[in-house]
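Printed here is input_3.csv (CSV, C-alpha atoms):
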```csv
chain,number,residue,atom,x,y,z
P,1456,MET,CA,1.2,-3.5,9.0
P,1457,PRO,CA,-0.9,-6.4,10.2
P,1458,LEU,CA,0.3,-8.6,13.1
P,1459,PRO,CA,-0.7,-12.2,13.7
P,1460,PRO,CA,-2.0,-13.1,17.2
P,1461,PRO,CA,0.9,-13.0,19.7
P,1462,PRO,CA,2.3,-16.3,21.1
P,1463,ALA,CA,1.3,-17.5,24.5
P,1464,ALA,CA,2.1,-15.3,27.5
P,1465,GLY,CA,5.5,-16.0,29.1
P,1466,SER,CA,7.3,-16.8,25.9
P,1467,ARG,CA,10.9,-15.6,25.9
P,1468,GLY,CA,13.7,-15.2,23.4
P,1469,ARG,CA,13.0,-16.1,19.8
P,1470,CYS,CA,10.1,-18.4,18.8
P,1471,VAL,CA,10.8,-22.0,17.8
P,1472,LEU,CA,7.8,-22.1,15.6
P,1473,SER,CA,7.4,-19.4,13.0
P,1474,PHE,CA,4.0,-17.7,13.5
P,1475,ALA,CA,4.8,-15.2,10.7
P,1476,ALA,CA,5.5,-18.0,8.2
P,1477,ALA,CA,2.3,-19.8,9.2
P,1478,ARG,CA,0.3,-16.6,8.8
P,1479,ASP,CA,1.9,-15.9,5.4
P,1480,ARG,CA,0.9,-19.4,4.2
P,1481,CYS,CA,-2.6,-18.8,5.5
P,1482,PHE,CA,-3.0,-15.5,3.5
P,1483,SER,CA,-1.7,-17.3,0.4
P,1484,ARG,CA,-4.4,-20.0,0.8
P,1485,ARG,CA,-7.0,-17.3,1.2
P,1486,PHE,CA,-6.0,-15.8,-2.2
P,1487,LEU,CA,-6.1,-19.3,-3.8
P,1488,ARG,CA,-9.6,-20.0,-2.3
P,1489,ALA,CA,-10.8,-16.7,-3.7
P,1490,GLY,CA,-9.9,-17.8,-7.2
P,1491,LEU,CA,-6.6,-16.0,-7.7
P,1492,ARG,CA,-3.3,-17.6,-8.8
P,1493,PRO,CA,0.2,-16.3,-8.4
P,1494,LEU,CA,2.4,-15.4,-11.4
P,1495,ALA,CA,6.1,-14.3,-11.6
P,1496,ILE,CA,6.3,-12.0,-14.6
P,1497,PRO,CA,9.9,-11.3,-16.0
P,1498,LEU,CA,10.3,-7.9,-17.5
P,1499,PRO,CA,13.4,-7.2,-19.7
P,1500,ALA,CA,15.4,-4.0,-19.4
P,1501,GLY,CA,15.9,-3.8,-23.2
P,1502,LEU,CA,14.7,-5.5,-26.3
P,1503,ASP,CA,15.9,-9.0,-25.4
P,1504,PRO,CA,13.1,-10.8,-23.5
P,1505,ALA,CA,15.5,-13.4,-22.4
P,1506,GLN,CA,17.4,-10.9,-20.3
P,1507,ALA,CA,14.9,-10.2,-17.5
P,1508,ALA,CA,16.0,-7.3,-15.3
P,1509,THR,CA,12.9,-7.1,-13.2
P,1510,THR,CA,10.5,-9.7,-11.8
P,1511,VAL,CA,7.0,-8.8,-10.7
P,1512,HIS,CA,5.1,-11.3,-8.5
P,1513,ILE,CA,1.4,-10.8,-8.9
P,1514,TRP,CA,-1.9,-12.5,-8.0
P,1515,VAL,CA,-4.3,-12.6,-10.9
P,1516,PRO,CA,-7.9,-14.0,-11.4
P,1517,SER,CA,-8.0,-17.5,-12.7
P,1518,ARG,CA,-10.3,-16.3,-15.6
P,1519,PRO,CA,-10.0,-13.2,-17.8
P,1520,PRO,CA,-11.0,-10.2,-15.7
P,1521,ARG,CA,-14.1,-8.3,-16.7
P,1522,ASN,CA,-13.9,-5.6,-14.0
P,1523,PRO,CA,-10.3,-5.4,-13.0
P,1524,LEU,CA,-9.3,-3.6,-9.9
P,1525,LEU,CA,-5.5,-3.2,-9.2
P,1526,LEU,CA,-4.7,-3.2,-5.5
P,1527,LEU,CA,-1.3,-1.6,-4.5
P,1528,HIS,CA,0.0,-2.2,-0.9
P,1529,GLY,CA,2.1,0.0,1.3
P,1530,PHE,CA,5.3,-0.5,3.3
P,1531,GLY,CA,5.2,-3.5,5.7
P,1532,ALA,CA,4.5,-7.1,4.8
P,1533,SER,CA,3.7,-8.4,1.3
P,1534,ALA,CA,0.5,-7.7,-0.6
P,1535,THR,CA,-1.3,-10.8,0.7
P,1536,TRP,CA,-1.1,-9.6,4.3
P,1537,GLN,CA,-2.6,-6.2,3.5
P,1538,TRP,CA,-5.3,-7.1,1.0
P,1539,ALA,CA,-6.6,-10.5,2.2
P,1540,PRO,CA,-9.7,-9.0,4.0
P,1541,TYR,CA,-10.8,-7.2,0.8
P,1542,LEU,CA,-10.8,-10.1,-1.6
P,1543,ARG,CA,-14.2,-11.7,-1.0
P,1544,PRO,CA,-16.2,-8.4,-0.6
P,1545,LEU,CA,-14.7,-7.1,-3.8
P,1546,ILE,CA,-15.3,-10.3,-5.7
P,1547,ALA,CA,-18.9,-10.5,-4.4
P,1548,ALA,CA,-19.4,-6.9,-5.6
P,1549,GLY,CA,-18.4,-7.9,-9.2
P,1550,PHE,CA,-14.7,-6.8,-9.2
P,1551,ASP,CA,-11.7,-8.8,-10.2
P,1552,PRO,CA,-8.8,-8.0,-7.8
P,1553,ILE,CA,-5.3,-8.0,-9.2
P,1554,VAL,CA,-2.7,-7.8,-6.5
P,1555,PRO,CA,1.0,-7.3,-7.2
P,1556,ASP,CA,4.0,-7.1,-4.9
P,1557,LEU,CA,5.7,-3.8,-5.5
P,1558,VAL,CA,9.4,-4.0,-6.4
P,1559,PHE,CA,11.5,-5.0,-3.4
P,1560,PHE,CA,8.4,-6.3,-1.5
P,1561,GLY,CA,7.3,-9.9,-1.4
P,1562,GLY,CA,8.4,-11.7,-4.5
P,1563,SER,CA,9.2,-8.7,-6.7
P,1564,CYS,CA,12.7,-7.4,-7.4
P,1565,THR,CA,14.9,-5.7,-9.9
P,1566,ARG,CA,18.6,-5.5,-10.9
P,1567,LEU,CA,18.1,-1.9,-12.1
P,1568,PRO,CA,19.2,1.1,-10.0
P,1569,ASP,CA,16.0,3.2,-10.3
P,1570,ARG,CA,14.1,3.7,-7.0
P,1571,SER,CA,11.6,6.3,-8.1
P,1572,ASP,CA,7.8,5.9,-7.8
P,1573,ALA,CA,7.7,6.4,-11.6
P,1574,PHE,CA,9.8,3.3,-12.0
P,1575,GLN,CA,7.4,1.4,-9.8
P,1576,ALA,CA,4.5,2.7,-11.8
P,1577,SER,CA,6.0,1.7,-15.1
P,1578,THR,CA,6.9,-1.7,-13.8
P,1579,ILE,CA,3.4,-2.5,-12.6
P,1580,LYS,CA,1.9,-1.1,-15.9
P,1581,ALA,CA,4.2,-3.4,-17.8
P,1582,ALA,CA,3.0,-6.3,-15.7
P,1583,MET,CA,-0.6,-5.4,-16.4
P,1584,ASP,CA,0.2,-5.3,-20.1
P,1585,ALA,CA,1.8,-8.7,-19.8
P,1586,ILE,CA,-1.4,-10.2,-18.4
P,1587,GLY,CA,-3.5,-8.5,-21.0
P,1588,VAL,CA,-5.3,-5.9,-18.9
P,1589,PRO,CA,-5.2,-2.6,-20.7
P,1590,ARG,CA,-7.7,-0.6,-18.5
P,1591,PHE,CA,-8.5,-0.9,-14.8
P,1592,GLY,CA,-9.4,0.8,-11.6
P,1593,LEU,CA,-6.7,1.4,-9.0
P,1594,VAL,CA,-6.6,1.4,-5.2
P,1595,GLY,CA,-3.4,2.3,-3.4
P,1596,VAL,CA,-2.7,2.4,0.3
P,1597,SER,CA,0.1,4.6,1.7
P,1598,TYR,CA,3.2,4.0,-0.4
P,1599,GLY,CA,1.1,2.1,-2.8
P,1600,GLY,CA,-1.0,5.3,-3.2
P,1601,PHE,CA,2.2,7.2,-4.2
P,1602,VAL,CA,2.9,4.6,-6.9
P,1603,GLY,CA,-0.8,4.6,-7.9
P,1604,TYR,CA,-1.0,8.4,-8.2
P,1605,ARG,CA,2.1,8.4,-10.4
P,1606,MET,CA,0.7,5.5,-12.4
P,1607,ALA,CA,-2.6,7.4,-13.0
P,1608,ALA,CA,-0.7,10.5,-14.0
P,1609,MET,CA,1.6,8.6,-16.4
P,1610,PHE,CA,-1.0,6.3,-17.9
P,1611,PRO,CA,-4.4,8.1,-17.9
P,1612,GLU,CA,-5.6,6.0,-20.8
P,1613,ALA,CA,-5.2,2.9,-18.7
P,1614,VAL,CA,-6.2,4.0,-15.2
P,1615,GLU,CA,-10.0,4.8,-15.1
P,1616,ARG,CA,-10.5,5.8,-11.5
P,1617,VAL,CA,-8.3,6.1,-8.4
P,1618,ALA,CA,-8.8,5.4,-4.7
P,1619,LEU,CA,-6.0,6.6,-2.4
P,1620,ILE,CA,-5.9,5.4,1.2
P,1621,CYS,CA,-3.8,7.5,3.6
P,1622,ALA,CA,-1.4,8.3,0.8
P,1623,GLY,CA,0.5,11.6,1.6
P,1624,VAL,CA,1.3,12.3,-2.0
P,1625,CYS,CA,1.1,16.1,-1.4
P,1626,LEU,CA,3.8,16.1,1.3
P,1627,GLU,CA,6.9,18.2,0.7
P,1628,GLU,CA,10.4,17.5,1.9
P,1629,LYS,CA,10.3,20.7,4.0
P,1630,ASP,CA,7.3,19.4,5.9
P,1631,LEU,CA,9.5,17.0,7.8
P,1632,ALA,CA,11.8,19.8,9.1
P,1633,GLU,CA,8.7,22.0,9.9
P,1634,GLY,CA,7.3,19.3,12.3
P,1635,LEU,CA,4.3,18.1,10.4
P,1636,PHE,CA,5.4,14.4,10.9
P,1637,PRO,CA,6.6,12.4,13.9
P,1638,VAL,CA,10.0,12.2,12.2
P,1639,ALA,CA,12.3,15.1,11.3
P,1640,GLY,CA,14.1,13.7,8.3
P,1641,VAL,CA,14.2,11.0,5.6
P,1642,GLY,CA,16.7,8.9,7.5
P,1643,GLU,CA,14.4,8.8,10.6
P,1644,ALA,CA,11.4,8.0,8.4
P,1645,ALA,CA,13.4,5.1,6.9
P,1646,ALA,CA,14.3,3.8,10.4
P,1647,LEU,CA,10.6,3.9,11.3
P,1648,LEU,CA,9.2,2.3,8.2
P,1649,VAL,CA,11.9,-0.3,7.7
P,1650,PRO,CA,12.2,-1.7,11.3
P,1651,ARG,CA,15.1,-4.0,12.2
P,1652,ARG,CA,14.5,-4.6,15.9
P,1653,PRO,CA,11.4,-5.4,18.0
P,1654,GLU,CA,11.3,-2.0,19.7
P,1655,GLU,CA,11.2,-0.4,16.2
P,1656,VAL,CA,8.3,-2.6,15.2
P,1657,ARG,CA,6.5,-1.7,18.4
P,1658,ARG,CA,6.9,2.0,17.7
P,1659,LEU,CA,5.6,1.6,14.2
P,1660,VAL,CA,2.5,-0.3,15.3
P,1661,ARG,CA,1.7,2.1,18.1
P,1662,LEU,CA,2.1,5.0,15.6
P,1663,THR,CA,-0.1,3.5,12.9
P,1664,PHE,CA,-2.9,1.9,15.0
P,1665,VAL,CA,-5.4,3.8,17.2
P,1666,ARG,CA,-5.7,0.7,19.3
P,1667,PRO,CA,-2.5,-1.3,19.0
P,1668,PRO,CA,-2.1,-4.7,20.6
P,1669,LEU,CA,-1.4,-4.4,24.3
P,1670,ILE,CA,1.2,-7.2,24.2
P,1671,MET,CA,3.8,-7.6,21.5
P,1672,PRO,CA,6.3,-10.3,22.6
P,1673,SER,CA,9.8,-9.9,21.3
P,1674,CYS,CA,10.0,-13.5,20.2
P,1675,PHE,CA,7.1,-12.9,17.8
P,1676,LEU,CA,8.5,-9.6,16.5
P,1677,TRP,CA,11.9,-11.1,15.8
P,1678,ASP,CA,10.1,-13.9,13.9
P,1679,TYR,CA,8.1,-11.3,11.9
P,1680,ILE,CA,11.3,-9.4,11.1
P,1681,LYS,CA,13.1,-12.6,10.0
P,1682,VAL,CA,10.3,-13.8,7.8
P,1683,MET,CA,8.8,-10.6,6.4
P,1684,GLY,CA,11.2,-7.7,7.1
P,1685,SER,CA,14.8,-8.9,6.6
P,1686,VAL,CA,15.1,-8.8,2.8
P,1687,HIS,CA,15.9,-5.7,0.6
P,1688,ASN,CA,16.0,-3.4,3.6
P,1689,GLN,CA,18.6,-1.2,1.9
P,1690,GLU,CA,16.6,-1.0,-1.3
P,1691,LYS,CA,13.4,-0.1,0.7
P,1692,THR,CA,15.4,2.7,2.4
P,1693,GLU,CA,16.5,4.0,-1.0
P,1694,LEU,CA,12.8,3.9,-2.1
P,1695,LEU,CA,12.0,6.4,0.7
P,1696,TYR,CA,14.9,8.7,-0.1
P,1697,ALA,CA,13.8,8.8,-3.8
P,1698,LEU,CA,10.2,9.5,-2.7
P,1699,ILE,CA,10.9,12.3,-0.3
P,1700,ASN,CA,14.1,14.1,-1.3
P,1701,GLY,CA,13.3,17.3,-3.1
P,1702,ARG,CA,9.6,16.6,-3.2
P,1703,GLN,CA,7.5,19.7,-3.9
P,1704,LEU,CA,3.7,20.1,-4.3
P,1705,SER,CA,4.3,22.5,-7.2
P,1706,THR,CA,5.7,19.7,-9.3
P,1707,LEU,CA,2.9,17.2,-8.5
P,1708,PRO,CA,0.6,16.7,-11.6
P,1709,LYS,CA,-3.1,16.9,-11.2
P,1710,LEU,CA,-5.0,13.7,-11.9
P,1711,THR,CA,-7.8,13.8,-14.6
P,1712,GLN,CA,-9.5,10.7,-13.3
P,1713,PRO,CA,-12.2,10.8,-10.6
P,1714,THR,CA,-10.4,10.2,-7.3
P,1715,LEU,CA,-11.5,8.9,-3.9
P,1716,ILE,CA,-9.4,9.9,-0.9
P,1717,ILE,CA,-9.8,7.8,2.3
P,1718,TRP,CA,-8.1,8.8,5.5
P,1719,GLY,CA,-8.0,7.7,9.1
P,1720,GLU,CA,-9.1,10.7,11.3
P,1721,GLN,CA,-6.2,10.0,13.7
P,1722,ASP,CA,-3.5,9.3,11.2
P,1723,ARG,CA,-0.2,10.3,12.8
P,1724,VAL,CA,2.1,9.1,9.9
P,1725,PHE,CA,0.4,11.3,7.3
P,1726,PRO,CA,-1.7,13.8,9.3
P,1727,MET,CA,-5.1,15.0,8.1
P,1728,GLU,CA,-3.6,18.2,6.7
P,1729,LEU,CA,-2.2,16.1,3.8
P,1730,ALA,CA,-5.7,14.7,3.1
P,1731,HIS,CA,-7.2,18.2,2.8
P,1732,ARG,CA,-4.1,19.4,0.8
P,1733,LEU,CA,-4.6,16.6,-1.7
P,1734,ASN,CA,-8.4,17.3,-2.0
P,1735,ARG,CA,-7.6,21.0,-2.7
P,1736,HIS,CA,-4.9,20.0,-5.2
P,1737,LEU,CA,-7.3,17.9,-7.2
P,1738,ASP,CA,-9.6,20.9,-7.5
P,1739,GLY,CA,-13.1,19.4,-7.4
P,1740,ASN,CA,-12.1,16.1,-9.1
P,1741,SER,CA,-12.0,14.2,-5.8
P,1742,ARG,CA,-14.0,13.2,-2.7
P,1743,LEU,CA,-12.5,12.9,0.8
P,1744,VAL,CA,-13.9,10.3,3.2
P,1745,VAL,CA,-12.6,10.5,6.8
P,1746,ILE,CA,-12.9,7.3,8.9
P,1747,LYS,CA,-13.3,7.9,12.6
P,1748,ASP,CA,-11.5,6.0,15.3
P,1749,ALA,CA,-8.8,5.0,12.8
P,1750,GLY,CA,-5.2,5.9,12.2
P,1751,HIS,CA,-2.7,5.4,9.3
P,1752,ALA,CA,-3.5,1.7,9.3
P,1753,VAL,CA,-7.2,2.5,8.5
P,1754,ASN,CA,-7.2,-0.3,5.9
P,1755,LEU,CA,-6.6,-2.8,8.6
P,1756,GLU,CA,-8.4,-1.2,11.5
P,1757,LYS,CA,-11.6,-0.5,9.6
P,1758,PRO,CA,-11.5,-2.8,6.5
P,1759,LYS,CA,-15.3,-3.1,6.2
P,1760,GLU,CA,-15.8,0.7,6.1
P,1761,VAL,CA,-12.9,1.2,3.7
P,1762,CYS,CA,-14.1,-1.6,1.4
P,1763,LYS,CA,-17.7,-0.3,1.4
P,1764,ASN,CA,-16.5,3.1,0.3
P,1765,ILE,CA,-14.2,1.6,-2.4
P,1766,ILE,CA,-17.1,-0.5,-3.8
P,1767,GLU,CA,-19.5,2.4,-3.8
P,1768,PHE,CA,-17.0,4.7,-5.5
P,1769,PHE,CA,-16.1,2.3,-8.3
P,1770,LYS,CA,-19.8,1.5,-9.0
P,1771,GLU,CA,-21.0,5.1,-9.2
P,1772,PRO,CA,-21.7,6.8,-12.5
P,1773,ALA,CA,-18.8,9.0,-13.6
P,1774,ALA,CA,-20.7,12.3,-12.9
P,1775,GLU,CA,-21.1,11.3,-9.2
P,1776,ALA,CA,-17.7,9.7,-8.6
P,1777,ALA,CA,-16.1,12.9,-7.4
P,1778,ASN,CA,-17.7,16.0,-5.8
P,1779,GLY,CA,-15.0,17.5,-3.6
P,1780,ASP,CA,-17.0,17.2,-0.4
P,1781,ASP,CA,-15.8,15.8,2.8
P,1782,LYS,CA,-17.7,12.8,4.1
P,1783,VAL,CA,-17.2,11.7,7.7
```
Would you write the structure of this file as structure tokens?
Amino acid sequence: MPLPPPPAAGSRGRCVLSFAAARDRCFSRRFLRAGLRPLAIPLPAGLDPAQAATTVHIWVPSRPPRNPLLLLHGFGASATWQWAPYLRPLIAAGFDPIVPDLVFFGGSCTRLPDRSDAFQASTIKAAMDAIGVPRFGLVGVSYGGFVGYRMAAMFPEAVERVALICAGVCLEEKDLAEGLFPVAGVGEAAALLVPRRPEEVRRLVRLTFVRPPLIMPSCFLWDYIKVMGSVHNQEKTELLYALINGRQLSTLPKLTQPTLIIWGEQDRVFPMELAHRLNRHLDGNSRLVVIKDAGHAVNLEKPKEVCKNIIEFFKEPAAEAANGDDKV
């Protein structure tokens, strides 16, 4: 989860000016300058298009995309915060980024009760159909990787290749009780990933970054929570329960698309065991890249390295896109 620069030392209480809101506007301007425009796509639950049950907020290229690359964010702030550093390098490499907010993040929401990753995948696929993009590459980070994996399994005719960044899709519910993670149950995981107080944000940042900020003033953190983390908290918690409850590796489908797995070597949210487990599960159809001196927030700590690997992977001929070897 990216954090703006902290306010001046000595600040107390809650900030008068909203640093989080200013940073959010800054990220939106970066998307606009990169040639993307925001859309709100209504999706009906039934046959009546006038009865929209779900709305997907999505950033799309201003012109019809020739080499579309779908970028799916993780828990934390909205998509613009997590993908802003990747826009210009990807565009310069010939890709057309498409960046949605997953349901209950940013500007996307639904009236429907389904909280599964399959629902998220179907919703984003419907949004891609609505903007006229039938085939695309896909990059998912953390929770976005869970959704992306499910999307690739459900719609193999649409998803051409997949890059997963610190996405522990091979976790099992029993792993929590057996001590693989820093939390012992789904409720504790939800408290960690959906922080409601400054001390909870500090714990999350220190867990996800190898080199977290030394100073994180409470006034800034309260501001961040108010601007970016105070909406749909109950629904986000339900997303985590739906994702983890009863999860078993034996029921996880194997992807047919070439798959790139990127992991921070010091990831403490989803430890390296899950990276190797996923690489084995895909049985030679994947490549694992381990980024040194990075944790779970590898996409923010090492954006240049991560972006370089993404670009190389999506530009490779199909025969070279996956070889099953670890690359450090």
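Rounded to one decimal, atom CA of Ile1746 of chain P and atom CA of Leu1704 of chain P lie 24.8 Å from each other.
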>> Please determine, counting all atoms listed in the file, which residue among P:Leu1567, P:Met1606, P:Val1660, P:Ala1475 has the shortest atom-to-atom distance to Ala1508 of chain P.
In response: P:Leu1567
>> Is it possible to get the residues within 12 Å of (10.5, 2.5, -15.4) (coordinates as in the file, counting all atoms listed in the file) written as number ranges by chain?
In response: P: 1498-1501, 1508-1509, 1558, 1565, 1567-1582, 1602, 1605-1606, 1609
>> My list of candidates is P:Leu1659, P:Leu1545, P:Leu1715, P:Ile1513. Which is closest to Pro1497 of chain P when distances are computed with only C-alpha atoms?
In response: P:Ile1513
> List as a VMD selection string: which residues have an atom within 10 Å of (-11.4, 2.4, 7.1), counting only C-alpha atoms?
Replying inline: chain P and resid 1620 to 1621 1717 to 1720 1744 to 1765
Could I see segment 1733-1757 of chain P restored to N, CA, C and O atoms, set down as an mmCIF file, in the frame of the given file?
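In the end it all went to out28.cif:
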```cif
data_model
loop_
_atom_site.group_PDB
_atom_site.id
_atom_site.type_symbol
_atom_site.label_atom_id
_atom_site.label_comp_id
_atom_site.auth_asym_id
_atom_site.auth_seq_id
_atom_site.Cartn_x
_atom_site.Cartn_y
_atom_site.Cartn_z
ATOM 1 N N LEU P 1733 -4.423 17.373 -0.489
ATOM 2 C CA LEU P 1733 -4.600 16.600 -1.700
ATOM 3 C C LEU P 1733 -6.001 16.903 -2.310
ATOM 4 O O LEU P 1733 -6.140 17.061 -3.536
ATOM 5 N N ASN P 1734 -7.013 16.998 -1.474
ATOM 6 C CA ASN P 1734 -8.400 17.300 -2.000
ATOM 7 C C ASN P 1734 -8.390 18.668 -2.659
ATOM 8 O O ASN P 1734 -9.021 18.824 -3.714
ATOM 9 N N ARG P 1735 -7.695 19.653 -2.084
ATOM 10 C CA ARG P 1735 -7.600 21.000 -2.700
ATOM 11 C C ARG P 1735 -6.810 20.909 -4.009
ATOM 12 O O ARG P 1735 -7.177 21.554 -5.018
ATOM 13 N N HIS P 1736 -5.742 20.128 -3.996
ATOM 14 C CA HIS P 1736 -4.900 20.000 -5.200
ATOM 15 C C HIS P 1736 -5.633 19.479 -6.384
ATOM 16 O O HIS P 1736 -5.408 19.914 -7.523
ATOM 17 N N LEU P 1737 -6.535 18.531 -6.144
ATOM 18 C CA LEU P 1737 -7.300 17.900 -7.200
ATOM 19 C C LEU P 1737 -8.463 18.758 -7.689
ATOM 20 O O LEU P 1737 -9.144 18.420 -8.656
ATOM 21 N N ASP P 1738 -8.738 19.832 -6.973
ATOM 22 C CA ASP P 1738 -9.600 20.900 -7.500
ATOM 23 C C ASP P 1738 -10.957 20.456 -7.952
ATOM 24 O O ASP P 1738 -11.338 20.666 -9.113
ATOM 25 N N GLY P 1739 -11.704 19.785 -7.055
ATOM 26 C CA GLY P 1739 -13.100 19.400 -7.400
ATOM 27 C C GLY P 1739 -13.196 18.065 -8.098
ATOM 28 O O GLY P 1739 -14.313 17.622 -8.387
ATOM 29 N N ASN P 1740 -12.065 17.409 -8.376
ATOM 30 C CA ASN P 1740 -12.100 16.100 -9.100
ATOM 31 C C ASN P 1740 -11.960 14.953 -8.070
ATOM 32 O O ASN P 1740 -11.671 13.837 -8.468
ATOM 33 N N SER P 1741 -12.166 15.237 -6.784
ATOM 34 C CA SER P 1741 -12.000 14.200 -5.800
ATOM 35 C C SER P 1741 -13.017 14.322 -4.677
ATOM 36 O O SER P 1741 -13.706 15.329 -4.540
ATOM 37 N N ARG P 1742 -13.098 13.262 -3.883
ATOM 38 C CA ARG P 1742 -14.000 13.200 -2.700
ATOM 39 C C ARG P 1742 -13.145 12.690 -1.544
ATOM 40 O O ARG P 1742 -12.420 11.705 -1.680
ATOM 41 N N LEU P 1743 -13.269 13.344 -0.399
ATOM 42 C CA LEU P 1743 -12.500 12.900 0.800
ATOM 43 C C LEU P 1743 -13.472 12.255 1.776
ATOM 44 O O LEU P 1743 -14.485 12.831 2.182
ATOM 45 N N VAL P 1744 -13.132 11.023 2.153
ATOM 46 C CA VAL P 1744 -13.900 10.300 3.200
ATOM 47 C C VAL P 1744 -12.968 10.101 4.377
ATOM 48 O O VAL P 1744 -11.873 9.557 4.262
ATOM 49 N N VAL P 1745 -13.415 10.575 5.527
ATOM 50 C CA VAL P 1745 -12.600 10.500 6.800
ATOM 51 C C VAL P 1745 -13.270 9.407 7.647
ATOM 52 O O VAL P 1745 -14.458 9.465 7.958
ATOM 53 N N ILE P 1746 -12.456 8.431 8.032
ATOM 54 C CA ILE P 1746 -12.900 7.300 8.900
ATOM 55 C C ILE P 1746 -12.565 7.608 10.321
ATOM 56 O O ILE P 1746 -11.385 7.789 10.658
ATOM 57 N N LYS P 1747 -13.565 7.648 11.180
ATOM 58 C CA LYS P 1747 -13.300 7.900 12.600
ATOM 59 C C LYS P 1747 -12.730 6.738 13.319
ATOM 60 O O LYS P 1747 -12.865 5.603 12.893
ATOM 61 N N ASP P 1748 -12.066 7.040 14.441
ATOM 62 C CA ASP P 1748 -11.500 6.000 15.300
ATOM 63 C C ASP P 1748 -10.503 5.114 14.521
ATOM 64 O O ASP P 1748 -10.452 3.899 14.729
ATOM 65 N N ALA P 1749 -9.760 5.703 13.615
ATOM 66 C CA ALA P 1749 -8.800 5.000 12.800
ATOM 67 C C ALA P 1749 -7.560 5.837 12.591
ATOM 68 O O ALA P 1749 -7.660 7.068 12.526
ATOM 69 N N GLY P 1750 -6.409 5.184 12.450
ATOM 70 C CA GLY P 1750 -5.200 5.900 12.200
ATOM 71 C C GLY P 1750 -4.653 5.616 10.792
ATOM 72 O O GLY P 1750 -5.428 5.393 9.856
ATOM 73 N N HIS P 1751 -3.325 5.596 10.665
ATOM 74 C CA HIS P 1751 -2.700 5.400 9.300
ATOM 75 C C HIS P 1751 -3.066 3.990 8.805
ATOM 76 O O HIS P 1751 -3.235 3.819 7.602
ATOM 77 N N ALA P 1752 -3.198 3.017 9.692
ATOM 78 C CA ALA P 1752 -3.500 1.700 9.300
ATOM 79 C C ALA P 1752 -5.047 1.482 9.150
ATOM 80 O O ALA P 1752 -5.599 0.447 9.505
ATOM 81 N N VAL P 1753 -5.732 2.494 8.628
ATOM 82 C CA VAL P 1753 -7.200 2.500 8.500
ATOM 83 C C VAL P 1753 -7.654 1.267 7.670
ATOM 84 O O VAL P 1753 -8.723 0.696 7.912
ATOM 85 N N ASN P 1754 -6.854 0.861 6.701
ATOM 86 C CA ASN P 1754 -7.200 -0.300 5.900
ATOM 87 C C ASN P 1754 -7.272 -1.588 6.645
ATOM 88 O O ASN P 1754 -7.962 -2.535 6.253
ATOM 89 N N LEU P 1755 -6.567 -1.629 7.783
ATOM 90 C CA LEU P 1755 -6.600 -2.800 8.600
ATOM 91 C C LEU P 1755 -7.459 -2.649 9.851
ATOM 92 O O LEU P 1755 -8.038 -3.620 10.331
ATOM 93 N N GLU P 1756 -7.571 -1.430 10.343
ATOM 94 C CA GLU P 1756 -8.400 -1.200 11.500
ATOM 95 C C GLU P 1756 -9.907 -1.172 11.148
ATOM 96 O O GLU P 1756 -10.753 -1.611 11.928
ATOM 97 N N LYS P 1757 -10.227 -0.645 9.981
ATOM 98 C CA LYS P 1757 -11.600 -0.500 9.600
ATOM 99 C C LYS P 1757 -11.818 -1.050 8.139
ATOM 100 O O LYS P 1757 -12.269 -0.344 7.237
#
```
